[in-house]
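Notes for the one structure printed next.
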Amino acid sequence: MNHAHENDVSRMEGFVAGLLVGGLVGAGAMLLLAPQSGEKTRAVIQQKSMEVRDQVVKTVEDTAAQVRSKAHQITDDVQGQAEALGQRGQDVIDEQRDNLGQTLKDLGKAVKS
């Protein structure tokens, strides 16, 4: 489960990195291909940069929420499995104790006979 969790985080990190690189490449392309004045181009680039930043922030927040949710789910699953295993172990102990008690009774009867 831990390996799958690491894999999910790596994918999310890759996505965020790709988003950042794509935003920067897009802003650079706009600068090079813009048919307007430098001042207007800078204003447009600044606006687009803010939009990309906002998108990245939202994506990072969403990704962090997904990671927290997945971690909580994994924790709950592991805890449930540990509880089930603990109960199973207790059942085996109880069964063996009962078997030992019966064996001792049978042995006591055999000795008395």
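Chain labels follow the order of the structure tokens: the first chain is A, the next B, and so on; residue numbering restarts at 1 in every chain, and ligands are counted from 1 in their shown order.
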Each segment 23-75 of chain A residue no farther than 12 Å from segment 10-13 of chain A, nearest pair in Å, only C-alpha atoms, as CSV:
```
residue,atom,partner,partner_atom,distance
A:Val56,CA,A:Glu13,CA,11.5
A:Thr59,CA,A:Met12,CA,9.4
A:Val60,CA,A:Met12,CA,8.7
A:Glu61,CA,A:Met12,CA,11.3
A:Asp62,CA,A:Met12,CA,10.1
A:Thr63,CA,A:Met12,CA,6.7
A:Ala64,CA,A:Met12,CA,9.1
A:Ala65,CA,A:Met12,CA,11.5
A:Gln66,CA,A:Met12,CA,9.6
A:Val67,CA,A:Met12,CA,9.1
```
Atom pair atom CA of Leu32 of chain A / atom CA of Met50 of chain A: separation (Å):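 Atom CA of Met50 of chain A lies at a distance of 18.6 Å from atom CA of Leu32 of chain A.
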Which of A:Ala82, A:Val52, A:Val44, A:Ile93 sits closest to Met30 of chain A [using only C-alpha atoms]: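 Nearest candidate to Met30 of chain A out of A:Ala82, A:Val52, A:Val44, A:Ile93: A:Val44.
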Top pick for closest residue to Ala29 of chain A, considering A:Lys48, A:Ala17, A:Lys105, A:Gln87 and counting only C-alpha atoms: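 Of A:Lys48, A:Ala17, A:Lys105, A:Gln87, the one nearest Ala29 of chain A, counting only C-alpha atoms, is A:Lys48.
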Counting only C-alpha atoms, the residue of A:Gln90, A:Asn7, A:Ser37, A:Val16 that sits nearest Gln55 of chain A: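 Distance minimum relative to Gln55 of chain A lands on A:Val16.
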Selected residue of minimal separation from Ser49 of chain A among A:Gln81, A:Gly23, A:Asp76, A:Gly101, counting only C-alpha atoms: A:Gly23
Between atom CA of Gly89 of chain A and atom CA of His72 of chain A - distance in Å to one decimal: 25.5 Å
